[in-house]
Amino acid sequence: MTQTYLAGVDGGGIGALAVHPSRKFLAVAEKCRHRAPNLYVYTYPGLALVKVLKGGTEHCYSALAFNDVGDQLASVGGYPDYLLTLWAWDQEAIVLRSKAFSQDVYTVRFSPYFKGNLTTCGTGHIRFWKMASTFTGLKLQGQIGKFGNVELTDVGAFVELPDGKVLSSTETGELLLWDGGLIKDVYTVRFSPYFKGNLTTCGTGHIRFWKMASTFTGLKLQGQIGKFGNVELTDVGAFVELPDGKVLSSTETGELLLWDGGLIKVVLTRPGKRPCHDGQVDVLLHDRPSNLVVSGGADGYVRLWDFNVISDAEADEDSHYLAIKPVDELLIAQGAHIRSLLWERKRWVVLDATGALYRVDLPLGGSLSRQATVTRLLAFHAGGILGMVLSPSAHLAVTAARDGSVKVFDYFTRQLDHSLQFGQPATAFASVGQDAVQVVVGFKDGVVRSVMRVREGLRLMAVAKPHKGRVTALAVSPDGSRLATAGEDGTVFFFSTTAPNTLDGRRLLLGTTASTVVELSAPQPGAVDTRRTFETDLPRRVHRFKLPPPRIMVRKPKAADATTGE
């Protein structure tokens, strides 16, 4: 077997590769540190350079693909432009271009079934493109996939199906089925507890009622889509079937829908036209011994409803709505979002989507809201943890996570000591010193917050908004007296902190998307006049890495290799 080494031309590395459908050409998209990189097309297997495509991006390419015919080539650039470009590569000409997205794009692929269609995916997105004729000419039109109630995820891979639907990957292992820019996923499937062969599914913008039916060709599943009619279309996250075959389902806006034969019979609300819950409903159960319906939602409440009132509900003459009163209700915790509930005879176990697990001990009689006892069993982050620092003098860990919270855990007792919640996802974390007393957290909206652990809990010490976008990195000098923040807007800010120690730090090293390391001399506190602007010039050095000149090396097979038959 012979291996051939083809060195890059631009000296910054290889961004993407694509093989022509005829297997006679190879496209190489490169990176470059000192100018805009090029696309190089080589013959195969001769590796002769035949085409050079220029001007597709500023710094690097991240994805590349030929169409099935082989006459077009699609490329996607990296930061800062993220340009999607369609090339007539044999003419070295750009046909169309558009900004693919505002974050990294991993993959681009032409549709194998529909001419002029293509799909891109990457950090937190998937996008569906069409080449459309407009009165000003041919243009690229892109439709962003809407995740809706499904957690936002990076999309690393996808495949298009013959009917135009797209099946994509997620970070957490699930697969998403897209149709027309929307996820056609199913949240819940459940067999009927009352009618053999019946089942119900629900999900994004739909509920469907299924029957196993005998036909002349055999047993088949027949599904009836629920028709919303004049009621606003909604995602359905939970449902419960009643003994007479009716189905009670949830909505995003807090009302409850009673279905009968695929049609909405009545929309249930509380008196005063208030929804049954303030926000999405994720829990619906029918407790047969007590003959109560249990609902729970994003407002943190669990509410009990009289089953007979719901089962016999009839809409008002002039509308689809009917107001009913809950039998009882219980607030699990301020700010809680009830995601799941397990009812045992004497207790509930409640999962809070914001990061907690509760046990509710039920009273033998009387008011649930006054006599039930709520105990938090576990507390945890509801998103990925960005960073952690341990206290050297106590069994404490201070953490920050993407759910926007800063928490203090006692890892000896396995209990949450204190928590502070913010309204934006956290994106960067740094500790001032190693004593777990003061931490700095950066957020998606460009805000930086300093949080200190005090005897009473966590205290917000300082807030600043230095950046126009996401905070990408934080660094604290070894002496703890200075903080540097970096943002996706390309700026770096320096701050004075309040916890200096005995060490010293005078240099800040910045890694850039241009594959360079920039060394900045940090300013001394008070050395820069910030009365009019924070912008200043600092002494700096830029470190670049030099690569050897490109060349093609061919390793000839040894005599022993020739006997392998390859």
# chains A, B, ... in the order shown; residues from 1 in each chain; ligands from 1
call {"tool": "residues_around", "arguments": {"residues": "Val463 (chain A)", "least_positions_apart": "5", "cutoff": "7 Å", "atoms": "only C-alpha atoms", "output": "list in words"}}
result
Val448, Arg449 and Ser450 of chain A
call {"tool": "write_last_selection", "arguments": {"atoms": "N, CA and C atoms", "output": "PDB file, in the first residue's frame"}}
result
ATOM      1  N   VAL A 448     -20.556  40.625  33.248  1.00  0.00           N
ATOM      2  CA  VAL A 448     -19.621  39.930  34.137  1.00  0.00           C
ATOM      3  C   VAL A 448     -20.031  40.256  35.572  1.00  0.00           C
ATOM      4  N   ARG A 449     -20.156  39.224  36.407  1.00  0.00           N
ATOM      5  CA  ARG A 449     -20.564  39.411  37.801  1.00  0.00           C
ATOM      6  C   ARG A 449     -19.530  38.806  38.733  1.00  0.00           C
ATOM      7  N   SER A 450     -19.248  39.544  39.806  1.00  0.00           N
ATOM      8  CA  SER A 450     -18.369  39.051  40.867  1.00  0.00           C
ATOM      9  C   SER A 450     -19.239  38.631  42.047  1.00  0.00           C
TER      10      SER A 450
END
call {"tool": "closest_atom_pairs", "arguments": {"of": "region 159-262 of chain A", "to": "region 312-325 of chain A", "cutoff": "9 Å", "atoms": "only C-alpha atoms", "output": "Markdown table"}}
result
| residue | atom | partner | partner_atom | distance |
| --- | --- | --- | --- | --- |
| A:Asn230 | CA | A:His320 | CA | 8.8 |
| A:Val231 | CA | A:His320 | CA | 8.2 |
| A:Leu258 | CA | A:Ala313 | CA | 8.4 |
call {"tool": "select_by_dssp", "arguments": {"residues": "region 179-381 of chain A", "states": "strand (DSSP E or B)", "output": "ChimeraX atom specification"}}
result
/A:179,182-183,186-191,198-203,206-215,218-225,227,239-241,247-249,256-260,263-270,274,281-287,292-297,301-306,321-323,328-331,338-343,347-352,356-361,373-379
call {"tool": "atom_distance", "arguments": {"atom1": "CA of Glu255 (chain A)", "atom2": "CA of Leu330 (chain A)"}}
result
17.9 Å
call {"tool": "atom_distance", "arguments": {"atom1": "CA of Arg109 (chain A)", "atom2": "CA of Phe158 (chain A)"}}
result
9.2 Å
call {"tool": "closest_residue", "arguments": {"among": "A:Ile310, A:Val447, A:Thr215, A:Arg288", "to": "Leu257 (chain A)", "atoms": "only C-alpha atoms"}}
result
A:Ile310
call {"tool": "residues_around", "arguments": {"residues": "region 343-345 of chain A", "least_positions_apart": "6", "cutoff": "12 Å", "atoms": "only C-alpha atoms", "output": "ChimeraX atom specification"}}
result
/A:283-290,292-295,302,351,359-364
call {"tool": "residues_around", "arguments": {"residues": "Asn117 (chain A)", "least_positions_apart": "2", "cutoff": "10 Å", "atoms": "only C-alpha atoms", "output": "list of chain:residue names"}}
result
A:Asn67, A:Arg109, A:Phe110, A:Ser111, A:Pro112, A:Tyr113, A:Phe114, A:Lys115, A:Thr119, A:Phe128, A:Trp129, A:Lys130, A:Met131, A:Ala132, A:Leu140, A:Gln141, A:Gly142, A:Gly164
call {"tool": "closest_atom_pairs", "arguments": {"of": "region 431-470 of chain A", "to": "region 376-397 of chain A", "cutoff": "10 Å", "atoms": "only C-alpha atoms", "output": "tab-separated table"}}
result
residue	atom	partner	partner_atom	distance
A:Ser431	CA	A:Val389	CA	6.8
A:Val432	CA	A:Val389	CA	9.7
A:Gly433	CA	A:Val389	CA	9.4
A:Gln434	CA	A:Val389	CA	7.0
A:Asp435	CA	A:Ser391	CA	5.1
A:Ala436	CA	A:Ser391	CA	4.9
A:Val437	CA	A:Ser391	CA	7.7
A:Gln438	CA	A:Val389	CA	9.7
A:Val439	CA	A:Val389	CA	8.6
A:Val441	CA	A:Leu386	CA	9.4
call {"tool": "write_last_selection", "arguments": {"atoms": "N, CA and C atoms", "output": "short mmCIF file (atom, residue, chain, number, x, y, z; two decimals), in the first residue's frame"}}
result
data_model
loop_
_atom_site.label_atom_id
_atom_site.label_comp_id
_atom_site.auth_asym_id
_atom_site.auth_seq_id
_atom_site.Cartn_x
_atom_site.Cartn_y
_atom_site.Cartn_z
N SER A 431 -11.92 31.85 39.25
CA SER A 431 -11.84 32.03 40.69
C SER A 431 -10.79 33.08 41.01
N VAL A 432 -11.12 33.98 41.94
CA VAL A 432 -10.15 34.97 42.43
C VAL A 432 -9.45 34.32 43.61
N GLY A 433 -8.24 33.85 43.39
CA GLY A 433 -7.55 33.09 44.41
C GLY A 433 -8.05 31.66 44.43
N GLN A 434 -7.51 30.85 45.33
CA GLN A 434 -7.87 29.44 45.41
C GLN A 434 -8.56 29.09 46.72
N ASP A 435 -9.13 30.09 47.40
CA ASP A 435 -9.78 29.82 48.68
C ASP A 435 -11.29 29.69 48.55
N ALA A 436 -11.82 29.71 47.31
CA ALA A 436 -13.25 29.56 47.05
C ALA A 436 -14.09 30.61 47.76
N VAL A 437 -13.56 31.81 47.91
CA VAL A 437 -14.30 32.90 48.54
C VAL A 437 -14.93 33.80 47.49
N GLN A 438 -14.20 34.11 46.42
CA GLN A 438 -14.70 35.02 45.39
C GLN A 438 -14.53 34.38 44.02
N VAL A 439 -15.60 34.41 43.23
CA VAL A 439 -15.56 33.91 41.85
C VAL A 439 -16.11 34.98 40.93
N VAL A 441 -18.07 35.36 37.11
CA VAL A 441 -18.83 34.60 36.13
C VAL A 441 -19.21 35.52 34.97
#
